[in-house]
>>> print(open('start25.cif').read())   # mmCIF, C-alpha atoms
data_model
#
loop_
_atom_site.label_atom_id
_atom_site.label_comp_id
_atom_site.auth_asym_id
_atom_site.auth_seq_id
_atom_site.Cartn_x
_atom_site.Cartn_y
_atom_site.Cartn_z
CA MET A 1301 49.90 196.85 27.67
CA VAL A 1302 50.38 194.58 24.68
CA THR A 1303 48.53 197.10 22.54
CA ALA A 1304 51.05 199.81 23.39
CA GLU A 1305 53.85 197.44 22.49
CA ARG A 1306 52.31 196.79 19.09
CA THR A 1307 52.57 200.41 18.02
CA ARG A 1308 56.33 199.91 17.76
CA GLU A 1309 57.43 199.24 14.22
CA ARG A 1310 58.81 195.83 13.37
CA THR A 1311 62.61 195.58 13.31
CA PRO A 1312 64.21 194.30 10.07
CA LEU A 1313 64.63 190.87 11.68
CA GLU A 1314 61.01 190.79 12.86
CA GLN A 1315 59.92 191.81 9.38
CA ARG A 1316 61.88 188.92 7.86
CA LEU A 1317 60.39 186.40 10.32
CA TRP A 1318 56.91 187.90 9.76
CA GLU A 1319 57.27 187.26 6.04
CA LEU A 1320 58.47 183.70 6.63
CA ALA A 1321 55.58 182.92 8.98
CA GLY A 1322 53.15 184.60 6.57
CA ALA A 1323 54.40 182.40 3.73
CA VAL A 1324 53.37 179.18 5.55
CA PRO A 1325 50.61 177.48 3.50
CA ASP A 1326 47.20 176.83 5.05
CA PRO A 1327 47.02 173.10 5.92
CA GLU A 1328 43.53 172.69 4.43
CA LEU A 1329 43.78 175.22 1.58
CA PRO A 1330 47.46 174.91 0.60
CA MET A 1331 47.05 177.25 -2.38
CA VAL A 1332 46.87 180.21 0.02
CA THR A 1333 49.23 181.27 2.80
CA LEU A 1334 48.50 182.36 6.35
CA GLY A 1335 49.45 185.87 5.20
CA ASP A 1336 46.93 185.73 2.32
CA LEU A 1337 44.17 184.69 4.73
CA GLY A 1338 44.97 187.44 7.24
CA ILE A 1339 45.32 184.86 10.02
CA LEU A 1340 48.76 186.06 11.20
CA ARG A 1341 48.11 188.81 13.73
CA ASP A 1342 51.41 189.67 15.41
CA LEU A 1343 55.05 188.68 15.65
CA ARG A 1344 57.46 190.06 18.25
CA MET A 1345 60.98 189.35 19.42
CA PHE A 1346 61.25 189.16 23.20
CA GLY A 1347 64.97 189.17 23.89
CA PRO A 1348 67.47 187.33 21.74
CA GLY A 1349 66.25 184.04 20.36
CA GLU A 1350 62.66 184.32 21.57
CA VAL A 1351 59.72 185.02 19.27
CA ARG A 1352 56.05 185.26 20.15
CA VAL A 1353 53.51 184.90 17.36
CA GLU A 1354 49.76 185.51 17.46
CA ILE A 1355 47.34 183.87 15.03
CA THR A 1356 43.55 183.96 14.90
CA PRO A 1357 41.31 181.08 13.75
CA THR A 1358 38.91 181.50 10.82
CA TYR A 1359 36.30 179.49 12.76
CA THR A 1360 36.44 178.89 16.53
CA GLY A 1361 36.52 175.14 15.96
CA CYS A 1362 38.94 175.21 13.03
CA PRO A 1363 40.91 171.94 13.40
CA ALA A 1364 43.81 173.35 11.34
CA VAL A 1365 44.95 175.77 14.05
CA GLU A 1366 47.25 173.26 15.73
CA ALA A 1367 48.87 172.29 12.43
CA MET A 1368 49.36 175.99 11.62
CA SER A 1369 51.07 176.61 14.97
CA CYS A 1370 53.43 173.65 14.41
CA ASP A 1371 54.23 174.80 10.87
CA ILE A 1372 55.05 178.32 12.08
CA GLU A 1373 57.27 176.91 14.84
CA ASP A 1374 59.08 174.69 12.32
CA VAL A 1375 59.77 177.49 9.86
CA LEU A 1376 61.05 179.86 12.55
CA HIS A 1377 63.16 177.15 14.21
CA ALA A 1378 64.68 176.43 10.78
CA GLU A 1379 65.55 180.12 10.56
CA GLY A 1380 67.55 179.76 13.77
CA VAL A 1381 65.09 181.05 16.38
CA PRO A 1382 65.37 178.64 19.34
CA GLU A 1383 62.26 179.68 21.24
CA VAL A 1384 58.92 180.17 19.44
CA THR A 1385 55.55 180.57 21.14
CA VAL A 1386 52.38 180.65 19.02
CA ARG A 1387 49.28 181.96 20.76
CA THR A 1388 45.71 181.92 19.45
CA VAL A 1389 43.71 185.13 19.87
CA LEU A 1390 39.98 185.60 19.15
CA ALA A 1391 39.56 189.38 19.23
CA PRO A 1392 39.02 191.19 17.03
CA ALA A 1393 37.10 188.40 15.32
CA TRP A 1394 38.53 187.30 11.97
CA THR A 1395 36.41 188.16 8.97
CA THR A 1396 36.63 187.10 5.33
CA ASP A 1397 37.35 190.78 4.58
CA ASP A 1398 40.81 190.05 6.07
CA ILE A 1399 41.66 187.87 3.05
CA THR A 1400 44.00 189.84 0.77
CA ALA A 1401 43.36 190.55 -2.92
CA GLU A 1402 46.17 188.11 -3.72
CA GLY A 1403 44.50 185.46 -1.52
CA ARG A 1404 41.21 185.93 -3.38
CA ARG A 1405 42.95 185.64 -6.73
CA LYS A 1406 44.63 182.36 -5.67
CA LEU A 1407 41.35 180.90 -4.36
CA ALA A 1408 39.52 181.67 -7.61
CA ALA A 1409 42.41 180.25 -9.66
CA SER A 1410 42.04 176.99 -7.70
CA GLY A 1411 38.33 176.68 -8.36
CA ILE A 1412 37.08 178.14 -5.05
CA ALA A 1413 34.84 181.18 -5.36
CA PRO A 1414 36.25 183.84 -3.01
CA PRO A 1415 34.04 185.44 -0.36
CA ARG A 1416 32.04 188.54 -1.25
CA PRO A 1417 32.63 191.79 0.65
CA GLN A 1418 30.89 191.81 4.02
CA PRO A 1419 27.61 193.71 4.27
CA ALA A 1420 27.14 195.96 7.28
CA ASP A 1421 24.29 193.97 8.83
CA GLY A 1422 25.93 190.58 9.27
CA PRO A 1423 27.04 187.49 7.37
CA ILE A 1424 24.84 185.47 4.98
CA PRO A 1425 24.30 187.93 2.13
CA LEU A 1426 21.86 186.04 -0.06
CA THR A 1427 21.29 188.69 -2.67
CA LEU A 1428 24.68 189.16 -4.34
CA ALA A 1429 25.56 186.62 -7.01
CA VAL A 1430 28.50 184.25 -6.59
CA ARG A 1431 30.55 183.90 -9.78
CA CYS A 1432 31.44 180.41 -11.03
CA PRO A 1433 35.23 180.05 -10.75
CA HIS A 1434 35.28 177.73 -13.77
CA CYS A 1435 33.32 179.55 -16.50
CA GLY A 1436 32.71 182.97 -14.91
CA SER A 1437 28.91 182.75 -15.08
CA ILE A 1438 26.99 184.50 -12.30
CA ASP A 1439 24.10 182.05 -12.72
CA THR A 1440 24.97 179.76 -9.79
CA GLU A 1441 22.89 178.08 -7.11
CA LEU A 1442 23.45 177.02 -3.51
CA LEU A 1443 23.54 173.25 -2.90
CA SER A 1444 24.51 173.29 0.77
CA ARG A 1445 25.50 176.00 3.23
CA PHE A 1446 28.12 173.68 4.65
CA SER A 1447 30.81 171.94 2.64
CA SER A 1448 34.17 170.15 2.84
CA THR A 1449 35.50 172.53 5.51
CA ALA A 1450 33.75 174.81 8.00
CA CYS A 1451 34.66 177.88 5.95
CA LYS A 1452 33.08 176.80 2.66
CA ALA A 1453 29.64 176.33 1.12
CA LEU A 1454 28.84 174.05 -1.83
CA ARG A 1455 27.39 175.60 -5.00
CA ARG A 1456 26.70 174.57 -8.59
CA CYS A 1457 27.00 176.58 -11.77
CA VAL A 1458 23.78 176.54 -13.76
CA SER A 1459 25.63 177.45 -16.98
CA CYS A 1460 28.49 174.90 -17.02
CA ARG A 1461 26.90 172.51 -14.47
CA GLU A 1462 30.12 172.18 -12.47
CA PRO A 1463 29.85 172.07 -8.68
CA PHE A 1464 32.28 174.29 -6.80
CA ASP A 1465 33.21 175.40 -3.29
CA HIS A 1466 32.49 178.96 -2.17
CA PHE A 1467 34.50 180.48 0.67
CA LYS A 1468 31.49 181.78 2.57
CA GLU A 1469 31.36 185.21 4.11
CA LEU A 1470 32.06 185.43 7.84
CA MET B 1481 36.81 189.15 43.95
CA THR B 1482 36.04 185.52 44.73
CA ALA B 1483 32.40 186.07 43.80
CA THR B 1484 33.41 187.48 40.42
CA VAL B 1485 35.65 184.51 39.68
CA SER B 1486 33.03 181.93 40.61
CA GLY B 1487 30.41 183.89 38.61
CA THR B 1488 32.64 183.80 35.55
CA THR B 1489 33.47 180.11 36.01
CA GLY B 1490 29.82 179.21 36.44
CA ALA B 1491 28.79 181.21 33.39
CA ALA B 1492 31.58 179.65 31.32
CA LEU B 1493 30.22 176.21 32.28
CA VAL B 1494 26.67 177.23 31.35
CA LEU B 1495 27.68 178.44 27.88
CA GLY B 1496 30.32 175.74 27.37
CA ASP B 1497 28.07 172.85 28.40
CA ASP B 1498 25.28 173.97 26.05
CA ALA B 1499 27.78 173.96 23.18
CA LEU B 1500 29.47 170.69 24.16
CA VAL B 1501 26.30 168.67 24.69
CA LEU B 1502 24.57 169.86 21.52
CA SER B 1503 27.79 169.25 19.60
CA HIS B 1504 27.80 165.64 20.79
CA ARG B 1505 24.13 165.13 19.91
CA LEU B 1506 24.67 166.53 16.39
CA ALA B 1507 27.75 164.35 15.92
CA GLU B 1508 25.52 161.32 16.53
CA TRP B 1509 24.01 162.07 13.10
CA ALA B 1510 27.28 161.14 11.37
CA GLY B 1511 26.47 158.15 9.20
CA HIS B 1512 22.71 158.54 9.67
CA ALA B 1513 21.66 161.83 8.03
CA PRO B 1514 19.05 161.66 5.25
CA VAL B 1515 21.39 163.05 2.56
CA LEU B 1516 25.13 163.57 2.30
CA GLU B 1517 24.88 167.38 2.32
CA GLU B 1518 23.02 167.27 5.65
CA GLU B 1519 25.52 164.86 7.08
CA VAL B 1520 28.24 167.40 6.29
CA ALA B 1521 26.14 170.33 7.49
CA LEU B 1522 25.32 168.80 10.87
CA ALA B 1523 28.96 167.77 11.35
CA ASN B 1524 30.06 171.34 10.50
CA ILE B 1525 27.65 172.80 13.04
CA ALA B 1526 28.84 170.27 15.63
CA LEU B 1527 32.43 171.30 14.94
CA ASP B 1528 31.65 175.00 15.40
CA LEU B 1529 29.97 174.21 18.73
CA LEU B 1530 32.86 172.02 19.84
CA GLY B 1531 35.30 174.85 19.12
CA GLN B 1532 33.20 177.22 21.21
CA ALA B 1533 32.96 174.64 24.00
CA ARG B 1534 36.74 174.22 24.10
CA VAL B 1535 37.32 177.96 24.54
CA LEU B 1536 34.57 178.26 27.17
CA LEU B 1537 35.47 175.18 29.21
CA SER B 1538 39.13 176.27 29.19
CA MET B 1539 37.98 179.47 30.88
CA ALA B 1540 36.51 177.32 33.68
CA GLY B 1541 39.35 174.80 34.09
CA ASP B 1542 40.86 171.87 32.20
CA GLU B 1543 38.66 171.26 29.15
CA ASP B 1544 39.18 167.48 29.06
CA GLU B 1545 38.58 166.97 32.78
CA LEU B 1546 35.44 169.07 32.60
CA ALA B 1547 34.08 167.27 29.55
CA TYR B 1548 35.00 163.71 30.44
CA LEU B 1549 35.23 163.42 34.21
CA ARG B 1550 32.25 165.35 35.56
CA GLU B 1551 29.15 163.55 36.78
CA GLU B 1552 25.75 164.28 35.29
CA ARG B 1553 24.70 166.62 38.11
CA ALA B 1554 27.73 168.87 37.54
CA PHE B 1555 26.68 169.75 33.99
CA ARG B 1556 24.90 173.11 33.56
CA ASN B 1557 23.50 172.73 30.04
CA LEU B 1558 19.86 173.30 29.13
CA GLN B 1559 17.66 170.22 29.09
CA LEU B 1560 16.75 171.20 25.50
CA VAL B 1561 20.21 170.45 24.07
CA GLU B 1562 20.48 167.01 25.71
CA GLN B 1563 17.23 165.75 24.15
CA PRO B 1564 17.79 162.76 21.84
CA ASN B 1565 17.91 163.52 18.11
CA GLY B 1566 14.62 161.79 17.21
CA ASP B 1567 13.91 162.02 13.49
CA PHE B 1568 15.40 164.71 11.24
CA ALA B 1569 12.44 167.04 11.83
CA HIS B 1570 12.88 166.72 15.59
CA THR B 1571 16.56 167.66 15.28
CA ILE B 1572 15.72 170.65 13.05
CA VAL B 1573 13.19 171.94 15.60
CA ARG B 1574 15.79 171.64 18.36
CA GLN B 1575 18.25 173.52 16.12
CA LEU B 1576 15.73 176.28 15.44
CA LEU B 1577 14.85 176.78 19.11
CA PHE B 1578 18.46 176.69 20.31
CA SER B 1579 20.38 178.48 17.52
CA THR B 1580 17.97 181.43 17.68
CA TYR B 1581 18.55 181.64 21.44
CA GLN B 1582 22.32 181.24 21.13
CA ARG B 1583 22.59 183.87 18.42
CA PHE B 1584 20.75 186.51 20.42
CA LEU B 1585 22.58 185.53 23.62
CA TYR B 1586 26.00 185.87 21.96
CA GLU B 1587 24.91 189.18 20.40
CA ALA B 1588 24.08 190.43 23.89
CA LEU B 1589 27.48 189.23 25.13
CA ALA B 1590 29.53 190.63 22.23
CA GLY B 1591 30.61 193.64 24.28
CA ASP B 1592 31.06 191.70 27.53
CA ARG B 1593 34.43 192.15 29.26
CA VAL B 1594 34.92 188.42 29.85
CA PHE B 1595 32.93 186.64 27.13
CA GLY B 1596 33.02 189.35 24.45
CA PRO B 1597 35.92 187.98 22.33
CA LEU B 1598 34.36 184.50 22.04
CA ALA B 1599 30.79 185.77 21.65
CA ALA B 1600 31.67 188.30 18.94
CA LYS B 1601 33.38 185.57 16.95
CA ALA B 1602 30.90 182.74 17.56
CA VAL B 1603 27.82 184.85 16.78
CA LYS B 1604 28.85 184.89 13.12
CA GLU B 1605 29.08 181.10 13.05
CA VAL B 1606 25.76 180.69 14.82
CA ALA B 1607 24.08 182.99 12.29
CA TYR B 1608 24.69 180.21 9.74
CA HIS B 1609 23.29 177.57 12.12
CA GLN B 1610 20.13 179.64 12.58
CA ASP B 1611 19.79 180.23 8.84
CA HIS B 1612 20.17 176.47 8.22
CA ALA B 1613 17.48 175.64 10.78
CA GLU B 1614 15.08 178.30 9.45
CA GLN B 1615 15.43 177.14 5.83
CA TRP B 1616 14.69 173.55 6.83
CA THR B 1617 11.79 174.56 9.07
CA LEU B 1618 10.16 176.40 6.16
CA ARG B 1619 10.80 173.55 3.75
CA LEU B 1620 9.58 170.75 6.01
CA GLY B 1621 6.77 172.70 7.71
CA ASP B 1622 5.34 173.96 4.42
CA GLY B 1623 6.13 170.63 2.75
CA THR B 1624 4.22 167.37 2.59
CA ASP B 1625 1.57 166.28 5.11
CA GLU B 1626 4.11 163.86 6.53
CA SER B 1627 6.94 166.38 6.94
CA GLN B 1628 4.56 168.94 8.41
CA ALA B 1629 3.16 166.45 10.93
CA ARG B 1630 6.67 165.48 12.01
CA MET B 1631 7.75 169.11 12.44
CA GLN B 1632 4.66 169.85 14.52
CA ARG B 1633 5.29 166.77 16.64
CA GLY B 1634 8.87 167.96 17.27
CA LEU B 1635 7.68 171.45 18.22
CA ASP B 1636 5.04 170.11 20.60
CA ALA B 1637 7.56 167.78 22.23
CA LEU B 1638 10.38 170.29 22.68
CA TRP B 1639 8.39 173.42 23.57
CA ARG B 1640 8.35 172.52 27.27
CA TYR B 1641 12.15 172.84 27.42
CA THR B 1642 12.33 176.43 26.13
CA GLY B 1643 11.33 178.18 29.36
CA GLU B 1644 14.61 177.67 31.20
CA MET B 1645 16.62 179.41 28.46
CA PHE B 1646 15.67 182.78 29.90
CA ARG B 1647 16.39 182.22 33.56
CA PRO B 1648 19.10 184.79 34.45
CA VAL B 1649 22.60 183.28 34.75
CA ASP B 1650 25.00 184.46 37.44
CA GLY B 1651 28.05 185.95 35.73
CA LEU B 1652 26.19 187.07 32.59
CA GLU B 1653 25.10 190.44 33.96
CA SER B 1654 25.33 192.19 30.57
CA VAL B 1655 22.38 190.14 29.27
CA LYS B 1656 18.85 191.61 29.52
CA TRP B 1657 16.93 188.36 29.84
CA GLN B 1658 13.41 189.69 29.24
CA GLU B 1659 14.56 191.45 26.11
CA LEU B 1660 16.31 188.27 24.97
CA GLU B 1661 13.12 186.27 25.50
CA ALA B 1662 11.04 188.81 23.58
CA ARG B 1663 13.43 188.75 20.63
CA TRP B 1664 13.59 184.94 20.62
CA SER B 1665 9.84 184.60 20.87
CA SER B 1666 9.16 187.01 18.04
CA SER B 1667 11.78 185.44 15.74
CA VAL B 1668 10.75 181.83 16.40
CA THR B 1669 7.02 182.64 16.12
CA SER B 1670 7.55 184.31 12.78
CA VAL B 1671 9.41 181.29 11.34
CA ILE B 1672 6.86 178.83 12.74
CA GLU B 1673 3.99 180.77 11.20
CA ARG B 1674 5.70 181.17 7.83
CA ALA B 1675 6.28 177.41 7.88
CA THR B 1676 2.48 176.95 8.31
CA LEU B 1677 3.07 175.34 11.70
CA ARG B 1678 1.33 176.07 15.01
CA VAL B 1679 3.05 177.69 18.00
CA PRO B 1680 2.39 175.13 20.76
CA GLU B 1681 -0.05 176.20 23.47
CA GLY B 1682 1.51 174.16 26.25
CA PRO B 1683 3.66 175.62 29.03
CA ARG B 1684 7.30 176.37 28.31
CA THR B 1685 8.40 174.54 31.45
CA GLY B 1686 7.32 171.02 32.37
CA ALA B 1687 5.38 170.92 35.65
CA TRP B 1688 7.03 167.56 36.31
CA ALA B 1689 10.51 169.02 35.94
CA ALA B 1690 11.66 169.51 39.50
CA GLY B 1691 14.31 171.92 38.31
CA ALA B 1692 16.34 172.75 35.29
CA GLY B 1693 19.52 171.79 33.51
CA ARG B 1694 21.06 175.03 34.70
CA GLU B 1695 20.77 173.63 38.26
CA GLY B 1696 22.30 170.32 37.27
CA LEU B 1697 18.96 168.51 36.99
CA HIS B 1698 18.79 166.60 33.75
CA THR B 1699 16.43 164.36 31.84
CA GLU B 1700 16.89 160.62 31.74
CA PRO B 1701 18.49 160.30 28.26
CA PHE B 1702 21.35 162.60 29.32
CA GLY B 1703 22.95 159.98 31.58
CA ARG B 1704 23.12 157.51 28.69
CA MET B 1705 24.59 160.15 26.41
CA LEU B 1706 27.29 160.97 28.97
CA ALA B 1707 28.09 157.30 29.49
CA GLU B 1708 28.85 156.97 25.81
CA MET B 1709 30.68 160.29 25.55
CA GLN B 1710 32.91 159.68 28.59
CA HIS B 1711 33.41 155.95 28.29
CA LEU B 1712 36.66 155.97 26.31
CA HIS B 1713 38.36 158.63 28.42
CA ARG B 1714 37.35 156.98 31.69
CA SER B 1715 38.42 153.51 30.51
CA HIS B 1716 41.87 154.74 29.47
CA PRO B 1717 42.80 157.57 31.84
CA GLY B 1718 45.66 159.71 30.58
CA ALA B 1719 45.80 158.00 27.18
CA SER B 1720 46.88 160.09 24.24
CA TRP B 1721 46.95 159.58 20.47
#
>>> encode(input="start25.cif", output="structure tokens")
Amino acid sequence: MVTAERTRERTPLEQRLWELAGAVPDPELPMVTLGDLGILRDLRMFGPGEVRVEITPTYTGCPAVEAMSCDIEDVLHAEGVPEVTVRTVLAPAWTTDDITAEGRRKLAASGIAPPRPQPADGPIPLTLAVRCPHCGSIDTELLSRFSSTACKALRRCVSCREPFDHFKEL
Amino acid sequence: MTATVSGTTGAALVLGDDALVLSHRLAEWAGHAPVLEEEVALANIALDLLGQARVLLSMAGDEDELAYLREERAFRNLQLVEQPNGDFAHTIVRQLLFSTYQRFLYEALAGDRVFGPLAAKAVKEVAYHQDHAEQWTLRLGDGTDESQARMQRGLDALWRYTGEMFRPVDGLESVKWQELEARWSSSVTSVIERATLRVPEGPRTGAWAAGAGREGLHTEPFGRMLAEMQHLHRSHPGASW
């Protein structure tokens, strides 16, 4: 039922609100927006003054989801929408392939190696090199599969010796 | 209709309790892990499991009431996940045995009508947990005499809790349990052998165990864990941040 509804094109107002919600920065990675990460799934007007938004978490336990919901509500309230509901959906599961080219560029510019394209047979591709976001060398090594947030791994560049975060493939 | 609902609720408790209890055990490592990277890794894995538990317990009722106000006998988690952390090797063995099981179980549930959305998402997270456990098993098993002895001790101690993982669960009809057990066994055996460790010969279910965690029968350390986990919530009912 909801799926059928989604085939309808967004109205100009919905499009404007979609862009506003998409421009909200990620609470833990403020250099990228929810739109860049591909986390914003749907936005619909239901009658005048009521908007329903769907977002999907990067990781099931991502603690930033509640902050994201509040930020979306704030930005849409500020735009004059009195009633905003943000719902979290799990399916289809988010993947790092949902991150836009612009999102990848911003991550790399901030010293976080962007995720590699997803192989067909699951996450954890160990064969492809990860490029150092500081000096561009592909001679880098894994320090820890888990880093400062659930979505990142910690690596070190063998050439320039700098440690860096890698947005790991999911 | 009623049977379907109770089947789903029961299965959500089974999956949710496994995730919740192991998450709590792993969180106990905070401040105690051997190196900072492992501290962060175990906390990350605990967070993934907590996220899964929240979704699953919410399918069965109020997540906070279920986590903090149930008595020991009402929990449906495996006895394996409630076992105390022991040393780092012991924890890694528990991670290997459980994450391999959870990965294959979620894979089997990825197309399930009820649990599919969560399983299809969580399986990708668990793949990292399994990889983490395998890498450490190889490193410690094929490491020093001391690390190998500790890994073997962990395997021998925890092996008896692996049998109940494959008892069919009401409400998870899309899982082929024998196939799941065969896949688990082959994967775990291969890692154990590559790590130059021995697959234990003992039974996979303790003869002394009158039942299983899935029936609400738990081992003695679980009561103490729950007391600590639930203490704050029970002492201050309805409190919020």
>>> resolve_selection(input="start25.cif", expression="the PyMOL selection byres ((chain A and resi 1406-1415) around 7)", output="ChimeraX atom specification")
/A:1331-1332,1396,1402-1405,1416-1417,1431-1434,1464-1469
>>> atom_distance(input="start25.cif", atom1="CA of Asp1336 in chain A", atom2="CA of Thr1400 in chain A")
5.3 Å
>>> residues_around(input="start25.cif", residues="Gln1615 in chain B", least_positions_apart="2", cutoff="12 Å", atoms="all atoms listed in the file", output="ChimeraX atom specification")
/A:1444-1445 /B:1572-1573,1575-1576,1608-1613,1617-1623,1671-1672,1674-1675
>>> resolve_selection(input="start25.cif", expression="the PyMOL selection byres ((chain B and resi 1515-1517) around 12)", output="MDAnalysis selection string")
(chainID A and resid 1442:1448 1453:1455) or (chainID B and resid 1509:1514 1518:1524 1568 1612)
>>> resolve_selection(input="start25.cif", expression="the PyMOL selection byres ((chain A) within 6 of (chain B))", output="list of chain:residue names")
A:Thr1360, A:Gly1361, A:Leu1390, A:Ala1391, A:Ala1393, A:Phe1446, A:Ala1450
>>> decode(input="start25.cif", residues="range 1652-1699 of chain B", atoms="C-alpha atoms", output="PDB file, in the first residue's frame")
ATOM      1  CA  LEU B1652      11.318 -19.578  13.058  1.00  0.00           C
ATOM      2  CA  GLU B1653       9.881 -22.055  10.572  1.00  0.00           C
ATOM      3  CA  SER B1654      11.992 -20.772   7.662  1.00  0.00           C
ATOM      4  CA  VAL B1655      15.167 -22.094   9.337  1.00  0.00           C
ATOM      5  CA  LYS B1656      16.431 -25.580   8.401  1.00  0.00           C
ATOM      6  CA  TRP B1657      18.089 -26.463  11.693  1.00  0.00           C
ATOM      7  CA  GLN B1658      20.073 -29.516  10.569  1.00  0.00           C
ATOM      8  CA  GLU B1659      21.485 -27.572   7.657  1.00  0.00           C
ATOM      9  CA  LEU B1660      22.345 -24.695  10.006  1.00  0.00           C
ATOM     10  CA  GLU B1661      24.168 -27.080  12.342  1.00  0.00           C
ATOM     11  CA  ALA B1662      26.114 -28.643   9.469  1.00  0.00           C
ATOM     12  CA  ARG B1663      27.229 -25.241   8.190  1.00  0.00           C
ATOM     13  CA  TRP B1664      28.190 -24.064  11.682  1.00  0.00           C
ATOM     14  CA  SER B1665      30.081 -27.244  12.433  1.00  0.00           C
ATOM     15  CA  SER B1666      32.048 -27.160   9.212  1.00  0.00           C
ATOM     16  CA  SER B1667      32.925 -23.455   9.556  1.00  0.00           C
ATOM     17  CA  VAL B1668      33.939 -23.644  13.224  1.00  0.00           C
ATOM     18  CA  THR B1669      35.915 -26.876  12.721  1.00  0.00           C
ATOM     19  CA  SER B1670      37.857 -25.335   9.872  1.00  0.00           C
ATOM     20  CA  VAL B1671      38.849 -22.277  11.939  1.00  0.00           C
ATOM     21  CA  ILE B1672      39.763 -24.399  14.974  1.00  0.00           C
ATOM     22  CA  GLU B1673      41.990 -26.632  12.870  1.00  0.00           C
ATOM     23  CA  ARG B1674      43.670 -23.744  11.070  1.00  0.00           C
ATOM     24  CA  ALA B1675      44.349 -22.247  14.505  1.00  0.00           C
ATOM     25  CA  THR B1676      46.152 -25.515  15.439  1.00  0.00           C
ATOM     26  CA  LEU B1677      43.563 -26.153  18.150  1.00  0.00           C
ATOM     27  CA  ARG B1678      41.625 -29.356  18.880  1.00  0.00           C
ATOM     28  CA  VAL B1679      37.881 -29.737  18.353  1.00  0.00           C
ATOM     29  CA  PRO B1680      36.719 -30.875  21.814  1.00  0.00           C
ATOM     30  CA  GLU B1681      35.543 -34.474  22.073  1.00  0.00           C
ATOM     31  CA  GLY B1682      33.047 -33.889  24.859  1.00  0.00           C
ATOM     32  CA  PRO B1683      29.279 -33.773  24.360  1.00  0.00           C
ATOM     33  CA  ARG B1684      27.716 -30.573  23.063  1.00  0.00           C
ATOM     34  CA  THR B1685      25.113 -30.604  25.826  1.00  0.00           C
ATOM     35  CA  GLY B1686      25.916 -30.978  29.522  1.00  0.00           C
ATOM     36  CA  ALA B1687      24.339 -34.104  31.031  1.00  0.00           C
ATOM     37  CA  TRP B1688      23.860 -32.102  34.221  1.00  0.00           C
ATOM     38  CA  ALA B1689      21.910 -29.395  32.408  1.00  0.00           C
ATOM     39  CA  ALA B1690      18.305 -30.213  33.194  1.00  0.00           C
ATOM     40  CA  GLY B1691      17.195 -28.085  30.282  1.00  0.00           C
ATOM     41  CA  ALA B1692      18.308 -25.208  28.192  1.00  0.00           C
ATOM     42  CA  GLY B1693      18.317 -21.433  28.110  1.00  0.00           C
ATOM     43  CA  ARG B1694      15.654 -21.586  25.431  1.00  0.00           C
ATOM     44  CA  GLU B1695      13.339 -23.089  28.083  1.00  0.00           C
ATOM     45  CA  GLY B1696      14.224 -20.437  30.628  1.00  0.00           C
ATOM     46  CA  LEU B1697      16.722 -22.623  32.493  1.00  0.00           C
ATOM     47  CA  HIS B1698      19.936 -20.739  33.052  1.00  0.00           C
ATOM     48  CA  THR B1699      23.332 -21.234  34.618  1.00  0.00           C
TER      49      THR B1699
END
